[in-house]
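model_38.pdb (PDB, C-alpha atoms)
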ATOM      1  CA  MET A   1     -34.224 -15.665 -11.092  1.00  0.00           C
ATOM      2  CA  ASP A   2     -32.353 -15.647 -14.410  1.00  0.00           C
ATOM      3  CA  SER A   3     -31.601 -11.934 -14.042  1.00  0.00           C
ATOM      4  CA  VAL A   4     -30.107 -12.490 -10.570  1.00  0.00           C
ATOM      5  CA  VAL A   5     -27.846 -15.252 -11.890  1.00  0.00           C
ATOM      6  CA  SER A   6     -26.731 -13.135 -14.837  1.00  0.00           C
ATOM      7  CA  ILE A   7     -25.933 -10.218 -12.514  1.00  0.00           C
ATOM      8  CA  LEU A   8     -23.903 -12.512 -10.243  1.00  0.00           C
ATOM      9  CA  VAL A   9     -22.002 -13.898 -13.239  1.00  0.00           C
ATOM     10  CA  LEU A  10     -21.312 -10.372 -14.465  1.00  0.00           C
ATOM     11  CA  VAL A  11     -20.057  -9.273 -11.026  1.00  0.00           C
ATOM     12  CA  ALA A  12     -17.841 -12.369 -10.745  1.00  0.00           C
ATOM     13  CA  ALA A  13     -16.379 -11.769 -14.215  1.00  0.00           C
ATOM     14  CA  GLY A  14     -15.707  -8.128 -13.351  1.00  0.00           C
ATOM     15  CA  TRP A  15     -13.966  -9.106 -10.126  1.00  0.00           C
ATOM     16  CA  ILE A  16     -11.763 -11.650 -11.928  1.00  0.00           C
ATOM     17  CA  ILE A  17     -10.777  -9.128 -14.610  1.00  0.00           C
ATOM     18  CA  TRP A  18     -10.093  -6.453 -11.966  1.00  0.00           C
ATOM     19  CA  SER A  19      -7.869  -8.795  -9.949  1.00  0.00           C
ATOM     20  CA  LEU A  20      -5.868  -9.711 -13.048  1.00  0.00           C
ATOM     21  CA  VAL A  21      -5.397  -6.120 -14.224  1.00  0.00           C
ATOM     22  CA  THR A  22      -4.633  -4.457 -10.877  1.00  0.00           C
ATOM     23  CA  PRO A  23      -1.089  -4.952  -9.566  1.00  0.00           C
ATOM     24  CA  SER A  24      -0.944  -6.857  -6.302  1.00  0.00           C
ATOM     25  CA  ILE A  25       0.258  -5.359  -3.024  1.00  0.00           C
ATOM     26  CA  GLN A  26       3.829  -6.245  -2.041  1.00  0.00           C
ATOM     27  CA  PHE A  27       3.429  -4.987   1.494  1.00  0.00           C
ATOM     28  CA  ARG A  28       1.452  -2.556   3.606  1.00  0.00           C
ATOM     29  CA  ILE A  29       2.626  -0.201   6.352  1.00  0.00           C
ATOM     30  CA  THR A  30       0.203   1.043   8.993  1.00  0.00           C
ATOM     31  CA  ALA A  31       1.332   3.658  11.489  1.00  0.00           C
ATOM     32  CA  LYS A  32      -1.154   4.370  14.232  1.00  0.00           C
ATOM     33  CA  LYS A  33      -0.690   5.786  17.746  1.00  0.00           C
ATOM     34  CA  ARG A  34       3.098   5.385  17.770  1.00  0.00           C
ATOM     35  CA  ARG A  35       2.874   1.814  16.488  1.00  0.00           C
ATOM     36  CA  VAL A  36       4.099   0.676  13.097  1.00  0.00           C
ATOM     37  CA  ARG A  37       2.926  -2.553  11.521  1.00  0.00           C
ATOM     38  CA  ILE A  38       4.325  -4.008   8.294  1.00  0.00           C
ATOM     39  CA  SER A  39       2.325  -6.778   6.653  1.00  0.00           C
ATOM     40  CA  GLY A  40       1.923  -8.415   3.293  1.00  0.00           C
ATOM     41  CA  PRO A  41       3.179 -11.302   1.210  1.00  0.00           C
ATOM     42  CA  HIS A  42       6.541  -9.683   0.356  1.00  0.00           C
ATOM     43  CA  PRO A  43       7.738  -7.597   3.324  1.00  0.00           C
ATOM     44  CA  PRO A  44      10.831  -5.427   2.918  1.00  0.00           C
ATOM     45  CA  SER A  45      14.222  -6.914   3.762  1.00  0.00           C
ATOM     46  CA  ARG A  46      14.940  -4.368   6.547  1.00  0.00           C
ATOM     47  CA  PRO A  47      11.657  -3.746   8.371  1.00  0.00           C
ATOM     48  CA  HIS A  48      13.338  -2.284  11.463  1.00  0.00           C
ATOM     49  CA  GLU A  49      14.664   0.667   9.433  1.00  0.00           C
ATOM     50  CA  ILE A  50      11.180   1.400   8.119  1.00  0.00           C
ATOM     51  CA  GLU A  51       9.642   1.170  11.587  1.00  0.00           C
ATOM     52  CA  GLU A  52      12.277   3.524  12.981  1.00  0.00           C
ATOM     53  CA  PHE A  53      11.736   6.017  10.142  1.00  0.00           C
ATOM     54  CA  PHE A  54       7.981   6.179  10.693  1.00  0.00           C
ATOM     55  CA  LEU A  55       8.303   6.408  14.482  1.00  0.00           C
ATOM     56  CA  ASN A  56      10.889   9.205  14.288  1.00  0.00           C
ATOM     57  CA  GLN A  57       9.475  11.239  11.402  1.00  0.00           C
ATOM     58  CA  PHE A  58       5.719  10.732  11.663  1.00  0.00           C
ATOM     59  CA  SER A  59       4.928  10.136  15.333  1.00  0.00           C
ATOM     60  CA  HIS A  60       2.749  13.297  15.304  1.00  0.00           C
ATOM     61  CA  ILE A  61       0.356  11.798  12.730  1.00  0.00           C
ATOM     62  CA  ARG A  62      -2.607   9.947  14.180  1.00  0.00           C
ATOM     63  CA  SER A  63      -3.112   7.437  11.372  1.00  0.00           C
ATOM     64  CA  LEU A  64      -1.123   6.695   8.232  1.00  0.00           C
ATOM     65  CA  ARG A  65      -1.344   3.889   5.669  1.00  0.00           C
ATOM     66  CA  VAL A  66       1.113   3.103   2.927  1.00  0.00           C
ATOM     67  CA  LYS A  67       0.559   0.434   0.277  1.00  0.00           C
ATOM     68  CA  VAL A  68       3.400  -0.640  -1.981  1.00  0.00           C
ATOM     69  CA  ARG A  69       2.143  -2.278  -5.157  1.00  0.00           C
ATOM     70  CA  THR A  70       4.206  -4.422  -7.493  1.00  0.00           C
ATOM     71  CA  ALA A  71       6.185  -2.824 -10.261  1.00  0.00           C
ATOM     72  CA  THR A  72       4.224  -1.504 -13.215  1.00  0.00           C
ATOM     73  CA  SER A  73       5.328  -0.864 -16.759  1.00  0.00           C
ATOM     74  CA  GLU A  74       7.542   1.929 -15.407  1.00  0.00           C
ATOM     75  CA  PHE A  75       9.684  -0.745 -13.659  1.00  0.00           C
ATOM     76  CA  ARG A  76       9.209   0.700 -10.195  1.00  0.00           C
ATOM     77  CA  PRO A  77       6.750  -0.016  -7.413  1.00  0.00           C
ATOM     78  CA  ARG A  78       3.730   2.221  -6.961  1.00  0.00           C
ATOM     79  CA  ILE A  79       3.418   3.724  -3.488  1.00  0.00           C
ATOM     80  CA  LEU A  80      -0.055   4.757  -2.306  1.00  0.00           C
ATOM     81  CA  ILE A  81      -0.239   6.905   0.842  1.00  0.00           C
ATOM     82  CA  SER A  82      -3.380   7.727   2.778  1.00  0.00           C
ATOM     83  CA  GLY A  83      -3.802   9.685   5.975  1.00  0.00           C
ATOM     84  CA  SER A  84      -3.396  13.249   7.130  1.00  0.00           C
ATOM     85  CA  VAL A  85       0.014  13.919   5.599  1.00  0.00           C
ATOM     86  CA  SER A  86       1.088  16.843   3.460  1.00  0.00           C
ATOM     87  CA  VAL A  87       2.358  16.544  -0.096  1.00  0.00           C
ATOM     88  CA  GLY A  88       5.918  17.138   1.116  1.00  0.00           C
ATOM     89  CA  GLU A  89       5.606  14.372   3.717  1.00  0.00           C
ATOM     90  CA  GLN A  90       4.216  12.021   1.083  1.00  0.00           C
ATOM     91  CA  GLN A  91       7.236  12.695  -1.101  1.00  0.00           C
ATOM     92  CA  GLN A  92       9.554  12.143   1.882  1.00  0.00           C
ATOM     93  CA  ILE A  93       7.931   8.720   2.447  1.00  0.00           C
ATOM     94  CA  ARG A  94       8.226   7.821  -1.252  1.00  0.00           C
ATOM     95  CA  ASN A  95      11.893   8.831  -1.380  1.00  0.00           C
ATOM     96  CA  PHE A  96      12.703   6.822   1.739  1.00  0.00           C
ATOM     97  CA  LEU A  97      10.870   3.698   0.582  1.00  0.00           C
ATOM     98  CA  MET A  98      12.303   3.813  -2.942  1.00  0.00           C
ATOM     99  CA  SER A  99      15.798   3.873  -1.461  1.00  0.00           C
ATOM    100  CA  ARG A 100      14.997   0.816   0.714  1.00  0.00           C
ATOM    101  CA  ILE A 101      13.123  -1.504  -1.646  1.00  0.00           C
TER     102      ILE A 101
END

Can I see the file as structure tokens?
Amino acid sequence: MDSVVSILVLVAAGWIIWSLVTPSIQFRITAKKRRVRISGPHPPSRPHEIEEFFLNQFSHIRSLRVKVRTATSEFRPRILISGSVSVGEQQQIRNFLMSRI
């Protein structure tokens, strides 16, 4: 029983440290089947422009997720892209979002 409690305490401590070290997500963009959803605690100021960009440029992609994390020591947000997009398309998304946020 003591080993189970110590493992739970260790897991809880690891989770707390991880949540303090990892930058939080500003907002998340999900594009799926010609629908774009923007969610998160700090959505962008012009969400309609972002929706239009994803619908016009990436309507051929089945599923796409973009997470924008808070600024790091480099003083700019970190943009994480997942889905079946090429490296060039990922850079196009980063360039567009950096010009809008």

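When all atoms listed in the file are used to compute distances to Ser39 in chain A, the closest of the residues A:Val66, A:Val21, A:Leu80, A:Leu55 turns out to be A:Val66.
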
Any chance you could resolve the PyMOL selection byres ((chain A and resi 84) around 9) against this file and give the residues as a PDB file with C-alpha atoms, keeping the file's coordinate frame?
ATOM      1  CA  ILE A  61       0.356  11.798  12.730  1.00  0.00           C
ATOM      2  CA  ARG A  62      -2.607   9.947  14.180  1.00  0.00           C
ATOM      3  CA  SER A  63      -3.112   7.437  11.372  1.00  0.00           C
ATOM      4  CA  LEU A  64      -1.123   6.695   8.232  1.00  0.00           C
ATOM      5  CA  SER A  82      -3.380   7.727   2.778  1.00  0.00           C
ATOM      6  CA  GLY A  83      -3.802   9.685   5.975  1.00  0.00           C
ATOM      7  CA  VAL A  85       0.014  13.919   5.599  1.00  0.00           C
ATOM      8  CA  SER A  86       1.088  16.843   3.460  1.00  0.00           C
TER       9      SER A  86
END

Could you tell me which residues the PyMOL selection byres ((chain A and resi 44) around 8) grabs in this file, written as a PyMOL selection string? chain A and resi 27+42-43+45-47+100-101

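The gap separating CA of Arg65 in chain A from CA of Arg28 in chain A is 7.3 Å, in Å to one decimal.
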
In Å to one decimal, how far is CA of Lys67 in chain A from CA of Phe53 in chain A? 15.9 Å

Å distance separating CA of Val87 in chain A from CA of Gly40 in chain A, one decimal place: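 It comes out at 25.2 Å.
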
Using only C-alpha atoms for the distances, tell me which of A:Asn95, A:Thr70, A:Ser59, A:Gln26 is nearest to Ile38 in chain A.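 Smallest separation from Ile38 in chain A among the options: A:Gln26.
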
Might you pull out every residue within 9 Å of Met98 in chain A, with only C-alpha atoms counted and same-chain residues fewer than 3 positions away left off, and present them as a count of residues only? 7

Put the listed atoms of range 64-80 of chain A in a box along x, y and z with 5 Å added on every side and give me the centre and edge lengths in Å to one decimal, as lines of an AutoDock Vina configuration file.
center_x = 4.2
center_y = 1.1
center_z = -4.3
size_x = 21.0
size_y = 21.1
size_z = 35.0

Could you tell me which of A:Ala71, A:Asn56, A:Asp2, A:Ala13 comes closest to Arg35 in chain A if we count only C-alpha atoms?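 Answer, going by the shortest atom-to-atom distance: A:Asn56.
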